[in-house]
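Peer 1: One structure follows; several queries about it will come next.
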Amino acid sequence: MDAEPVPYLFYYQAFFVIVLSLGDLGRFLYGIVHAVTTDSKTGEAFFPSRRKFITEIAILIAAIPFTSFFYAMLRGKYDYKVHRQTIYFDDLPDAFDGFTITQLSDIHSGSFDNVKAMQRGIDLAKAQKSDLFVFTGDLVNNAAWEIEQYIDRFGAIKAPYGQFSILGNHDYGDYIHWDTEQEKRANLARLKQHHADLGYRLLLNENVVLEKGGQKISLIGVENWGEGFIQLGDIDKALKGVDKGAFKLLLSHDPTHWQKIVRHHPTHVHLTLAGHTHGAQFGVEAAGLKWSPVKYRYPDWAGLAKHDNRYLYINRGFGFLAFSGRLGIWPEITVLTLKKKV
C-alpha cells in the first residue's frame, strides 16, 4: 500500500506529539516536586501533605492525554454533531428563500468499526429532513468494495429535491497498489456505479438545474481538484450551459480549489461546499477558540469562509482516516439554510 499523502501524516503525527508531550509534562512536574520537597541526605519529604497534593496534580496532568486518546478512539469518532449555518444572499430567487441543504463529506467507509454507532450519524442526517442532500467526496479510503455493505444504510438518506455527490481524492484509488491500470479504472467505474446504487446523482464536471416555484438555481459538481492532490476538476467545463445570472451552488471536495480558483473566477459562484480536511480530527472548538494543526496547511479548514460575497462551507467530515479517532473536532452533519437578504 502506498504511503498516505504528506499533509495527512503531518496532522496525525502532530496529534501524537501533543499527546506524548502532555504525558512528559506530567512526569516533569512530578520530578520537580520530588526534587524540591525531598531532603537529599535523608530522603524524607518536606511538607509531605503539600507534596502529596502537587504529586496528585502532576499525575492527573499525565493522565489527561491517555484518557483523551481512548475517548477519541472509542467514542469521539462517532460523536456526531449537527452544525447549522444560515447564509444570506442578495440575489437568491424568492422561491428558494429558506431552502435547506444537508451535507455529508468524507464518509471513508473503509474505516468504520462500529456499525451501530455509525448508524446514529445516518439517522441524525435523515432526521434533518432538508430539501436537498449533497455528499462532497471521499466515499471510500481506497477501494469501491468498502462502501458495499453500507449502501442500504446511506442510501436511506433522501431529500425532496434529490441527492447529489462528487468524488474526492481518495475515491480514485491513488493510494494503494493496483496490478494493472485496467484494474484501477475498473475500481473507479465500480465506485461510480455505487453512487447510483446509493441514489446519488454523481456530478463529474457538470451541472443540473433545481426548480422550485417556477424559479431555478444551478447545482454544479466538479471532480477532485486539490493543491498537492489529483486535479481533474474543471470548473469551466462544469459551468457550460449555466446562465451567467443564475444562482450557483458548487460541490468541490478540496477547499484549495475555492481558495486558488473558484473565488477568483470570472463567473460568480455564490456558495461552494467542500470537505477534505477532517479538521485533522484533532483540535479545539470551544469558548470562542478554534484551532487545529490543519490550519497550517489549509487557511480555511472548517465552517464558513467568505471572499467578495462568495462563500465557502467546509464540512469536518463524517468518517475518519489514518488515526481511528477524533478529539475536539467531532464528525459533522451540516445543515445549511439559504436566505434572501432583505
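Chains: A, B, ... in order of the C-alpha cells. Residues: from 1 per chain. Ligands: from 1, in order shown.
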As a PDB file with N, CA and C atoms, in the first residue's frame, please: the residues near Lys340 (chain A) (cut-off 8 Å, only C-alpha atoms, same-chain neighbours under 5 positions excluded).

Peer 2:
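So result27.pdb came out as:
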ATOM      1  N   TYR A  88     -26.973  34.369   3.917  1.00  0.00           N
ATOM      2  CA  TYR A  88     -27.859  35.342   3.278  1.00  0.00           C
ATOM      3  C   TYR A  88     -27.272  35.802   1.943  1.00  0.00           C
ATOM      4  N   PHE A  89     -28.150  35.909   0.935  1.00  0.00           N
ATOM      5  CA  PHE A  89     -27.741  36.332  -0.399  1.00  0.00           C
ATOM      6  C   PHE A  89     -28.696  37.398  -0.920  1.00  0.00           C
ATOM      7  N   ASP A  90     -28.146  38.392  -1.616  1.00  0.00           N
ATOM      8  CA  ASP A  90     -28.977  39.443  -2.207  1.00  0.00           C
ATOM      9  C   ASP A  90     -29.831  38.914  -3.350  1.00  0.00           C
ATOM     10  N   ASP A  91     -29.264  37.999  -4.131  1.00  0.00           N
ATOM     11  CA  ASP A  91     -29.911  37.583  -5.373  1.00  0.00           C
ATOM     12  C   ASP A  91     -30.430  36.150  -5.347  1.00  0.00           C
ATOM     13  N   LEU A  92     -30.679  35.616  -4.172  1.00  0.00           N
ATOM     14  CA  LEU A  92     -31.292  34.291  -4.077  1.00  0.00           C
ATOM     15  C   LEU A  92     -32.723  34.374  -4.612  1.00  0.00           C
ATOM     16  N   PRO A  93     -33.120  33.495  -5.542  1.00  0.00           N
ATOM     17  CA  PRO A  93     -34.510  33.511  -6.013  1.00  0.00           C
ATOM     18  C   PRO A  93     -35.486  33.373  -4.848  1.00  0.00           C
ATOM     19  N   ASP A  94     -36.559  34.137  -4.897  1.00  0.00           N
ATOM     20  CA  ASP A  94     -37.519  34.169  -3.790  1.00  0.00           C
ATOM     21  C   ASP A  94     -38.040  32.792  -3.412  1.00  0.00           C
ATOM     22  N   ASP A  97     -35.961  30.983  -0.811  1.00  0.00           N
ATOM     23  CA  ASP A  97     -35.767  31.594   0.498  1.00  0.00           C
ATOM     24  C   ASP A  97     -36.158  30.582   1.580  1.00  0.00           C
ATOM     25  N   GLY A  98     -35.201  30.197   2.420  1.00  0.00           N
ATOM     26  CA  GLY A  98     -35.444  29.174   3.439  1.00  0.00           C
ATOM     27  C   GLY A  98     -35.113  27.761   2.991  1.00  0.00           C
TER      28      GLY A  98
END

Peer 1: Got a sec: who's within 12 Å of His265 (chain A), counting only C-alpha atoms, leaving out chain neighbours fewer than 6 positions off, as a list in words?

Peer 2: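 Neighbouring residues, sequence-local ones excluded: Asp234, Ile235, Asp236, Leu239, His257, Trp258, Gln259, His307, Asp308 and Arg310 of chain A.
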
Peer 1: Between CA of Ala95 (chain A) and CA of Thr337 (chain A), measure the distance and give it in Å to one decimal.

Peer 2: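 One can read the CA of Ala95 (chain A) to CA of Thr337 (chain A) distance as 13.0 Å.
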
Peer 1: Run DSSP on the backbone of this structure and report the residues of region 144-312 of chain A it assigns to strand (DSSP E), as a PyMOL selection string.

Peer 2: chain A and resi 163-166+201-202+206-212+215-221+248-251+271-274+284-286+289-291+303-307+310-312

Peer 1: Deliver the residues from the most recent selection as a file, using C-alpha atoms, as a PDB file, in the first residue's frame.

Peer 2:
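Output file again_34.pdb is given in full below:
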ATOM      1  CA  GLN A 163     -29.335  13.539  -3.585  1.00  0.00           C
ATOM      2  CA  PHE A 164     -26.152  14.640  -5.363  1.00  0.00           C
ATOM      3  CA  SER A 165     -22.485  13.750  -4.952  1.00  0.00           C
ATOM      4  CA  ILE A 166     -18.942  14.300  -6.194  1.00  0.00           C
ATOM      5  CA  ARG A 201     -26.529  11.710  -8.840  1.00  0.00           C
ATOM      6  CA  LEU A 202     -22.757  11.874  -9.292  1.00  0.00           C
ATOM      7  CA  GLU A 206     -21.278  19.082 -14.906  1.00  0.00           C
ATOM      8  CA  ASN A 207     -24.355  20.856 -13.636  1.00  0.00           C
ATOM      9  CA  VAL A 208     -28.066  20.353 -13.073  1.00  0.00           C
ATOM     10  CA  VAL A 209     -30.941  22.761 -12.572  1.00  0.00           C
ATOM     11  CA  LEU A 210     -33.089  22.682  -9.442  1.00  0.00           C
ATOM     12  CA  GLU A 211     -36.516  24.229  -9.901  1.00  0.00           C
ATOM     13  CA  LYS A 212     -38.912  25.425  -7.219  1.00  0.00           C
ATOM     14  CA  GLN A 215     -37.619  29.637 -10.290  1.00  0.00           C
ATOM     15  CA  LYS A 216     -34.246  27.930 -10.678  1.00  0.00           C
ATOM     16  CA  ILE A 217     -30.789  27.564  -9.178  1.00  0.00           C
ATOM     17  CA  SER A 218     -27.816  25.757 -10.706  1.00  0.00           C
ATOM     18  CA  LEU A 219     -26.115  22.926  -8.828  1.00  0.00           C
ATOM     19  CA  ILE A 220     -22.588  22.332 -10.122  1.00  0.00           C
ATOM     20  CA  GLY A 221     -20.232  19.493  -9.291  1.00  0.00           C
ATOM     21  CA  LYS A 248     -24.851  28.904  -8.362  1.00  0.00           C
ATOM     22  CA  LEU A 249     -24.118  26.243  -5.776  1.00  0.00           C
ATOM     23  CA  LEU A 250     -20.856  24.323  -6.303  1.00  0.00           C
ATOM     24  CA  LEU A 251     -19.740  20.974  -4.863  1.00  0.00           C
ATOM     25  CA  LEU A 271     -21.652  29.113  -2.476  1.00  0.00           C
ATOM     26  CA  THR A 272     -19.117  26.277  -2.574  1.00  0.00           C
ATOM     27  CA  LEU A 273     -19.434  23.191  -0.361  1.00  0.00           C
ATOM     28  CA  ALA A 274     -16.261  21.244   0.433  1.00  0.00           C
ATOM     29  CA  VAL A 284     -10.233  22.784  19.889  1.00  0.00           C
ATOM     30  CA  GLU A 285     -13.543  24.464  19.123  1.00  0.00           C
ATOM     31  CA  ALA A 286     -14.880  25.880  22.368  1.00  0.00           C
ATOM     32  CA  LEU A 289     -11.407  29.304  20.355  1.00  0.00           C
ATOM     33  CA  LYS A 290     -10.999  27.498  17.043  1.00  0.00           C
ATOM     34  CA  TRP A 291      -7.692  25.744  16.448  1.00  0.00           C
ATOM     35  CA  GLY A 303     -17.036  26.071   8.763  1.00  0.00           C
ATOM     36  CA  LEU A 304     -17.846  29.207   6.778  1.00  0.00           C
ATOM     37  CA  ALA A 305     -15.465  31.443   4.840  1.00  0.00           C
ATOM     38  CA  LYS A 306     -16.232  34.455   2.648  1.00  0.00           C
ATOM     39  CA  HIS A 307     -14.475  36.427  -0.067  1.00  0.00           C
ATOM     40  CA  ARG A 310     -18.519  34.305  -2.444  1.00  0.00           C
ATOM     41  CA  TYR A 311     -18.992  31.764   0.321  1.00  0.00           C
ATOM     42  CA  LEU A 312     -17.263  28.500   1.166  1.00  0.00           C
TER      43      LEU A 312
END

Peer 1: Looking only at helix (DSSP H, G or I) from DSSP on the backbone, list the matching residues of region 51-254 of chain A as an MDAnalysis selection string.

Peer 2: chainID A and resid 51:74 76:78 94:96 109:111 115:127 144:154 169:172 181:197 235:238

Peer 1: Would you mind listing what lies within 7 Å of region 167-174 of chain A as a ChimeraX atom specification, with only C-alpha atoms counted and same-chain residues fewer than 2 positions away left out?

Peer 2: /A:136-143,176,184,188,223-224,229-230,253

Peer 1: Take the residues from that selection and write them out as a PDB file, in the first residue's frame, keeping N, CA and C atoms.

Peer 2:
ATOM      1  N   THR A 136     -19.968  15.438  -0.445  1.00  0.00           N
ATOM      2  CA  THR A 136     -18.852  16.125  -1.113  1.00  0.00           C
ATOM      3  C   THR A 136     -17.540  15.336  -1.099  1.00  0.00           C
ATOM      4  N   GLY A 137     -17.613  14.038  -1.364  1.00  0.00           N
ATOM      5  CA  GLY A 137     -16.412  13.292  -1.723  1.00  0.00           C
ATOM      6  C   GLY A 137     -15.751  12.473  -0.629  1.00  0.00           C
ATOM      7  N   ASP A 138     -14.920  11.518  -1.080  1.00  0.00           N
ATOM      8  CA  ASP A 138     -14.248  10.508  -0.260  1.00  0.00           C
ATOM      9  C   ASP A 138     -15.264   9.559   0.365  1.00  0.00           C
ATOM     10  N   LEU A 139     -15.920   8.818  -0.503  1.00  0.00           N
ATOM     11  CA  LEU A 139     -16.861   7.788  -0.076  1.00  0.00           C
ATOM     12  C   LEU A 139     -16.105   6.607   0.526  1.00  0.00           C
ATOM     13  N   VAL A 140     -14.904   6.341   0.014  1.00  0.00           N
ATOM     14  CA  VAL A 140     -14.090   5.210   0.465  1.00  0.00           C
ATOM     15  C   VAL A 140     -12.684   5.688   0.796  1.00  0.00           C
ATOM     16  N   ASN A 141     -11.900   4.786   1.381  1.00  0.00           N
ATOM     17  CA  ASN A 141     -10.484   5.076   1.598  1.00  0.00           C
ATOM     18  C   ASN A 141      -9.677   4.820   0.331  1.00  0.00           C
ATOM     19  N   ASN A 142      -9.996   3.683  -0.315  1.00  0.00           N
ATOM     20  CA  ASN A 142      -9.220   3.302  -1.496  1.00  0.00           C
ATOM     21  C   ASN A 142     -10.026   2.514  -2.532  1.00  0.00           C
ATOM     22  N   ALA A 143     -10.839   1.560  -2.083  1.00  0.00           N
ATOM     23  CA  ALA A 143     -11.458   0.605  -3.000  1.00  0.00           C
ATOM     24  C   ALA A 143     -12.979   0.663  -2.925  1.00  0.00           C
ATOM     25  N   ILE A 176      -3.213   3.034  -3.143  1.00  0.00           N
ATOM     26  CA  ILE A 176      -2.864   1.619  -2.993  1.00  0.00           C
ATOM     27  C   ILE A 176      -2.313   1.115  -4.324  1.00  0.00           C
ATOM     28  N   LYS A 184      -7.378  -0.623 -11.858  1.00  0.00           N
ATOM     29  CA  LYS A 184      -7.657   0.640 -11.172  1.00  0.00           C
ATOM     30  C   LYS A 184      -8.847   1.356 -11.803  1.00  0.00           C
ATOM     31  N   LEU A 188     -12.704   2.367 -10.205  1.00  0.00           N
ATOM     32  CA  LEU A 188     -13.356   3.682 -10.249  1.00  0.00           C
ATOM     33  C   LEU A 188     -14.735   3.574 -10.896  1.00  0.00           C
ATOM     34  N   GLU A 223     -15.022  17.231 -10.394  1.00  0.00           N
ATOM     35  CA  GLU A 223     -14.146  16.175  -9.893  1.00  0.00           C
ATOM     36  C   GLU A 223     -13.115  16.800  -8.962  1.00  0.00           C
ATOM     37  N   ASN A 224     -12.315  15.957  -8.323  1.00  0.00           N
ATOM     38  CA  ASN A 224     -11.378  16.492  -7.336  1.00  0.00           C
ATOM     39  C   ASN A 224     -10.351  17.431  -7.962  1.00  0.00           C
ATOM     40  N   PHE A 229      -2.787  17.431  -4.696  1.00  0.00           N
ATOM     41  CA  PHE A 229      -3.548  16.204  -4.934  1.00  0.00           C
ATOM     42  C   PHE A 229      -3.982  16.147  -6.405  1.00  0.00           C
ATOM     43  N   ILE A 230      -4.710  15.108  -6.755  1.00  0.00           N
ATOM     44  CA  ILE A 230      -5.184  14.941  -8.121  1.00  0.00           C
ATOM     45  C   ILE A 230      -6.019  16.148  -8.529  1.00  0.00           C
ATOM     46  N   HIS A 253     -14.652  19.035  -3.589  1.00  0.00           N
ATOM     47  CA  HIS A 253     -14.165  18.334  -2.401  1.00  0.00           C
ATOM     48  C   HIS A 253     -13.120  19.100  -1.602  1.00  0.00           C
TER      49      HIS A 253
END
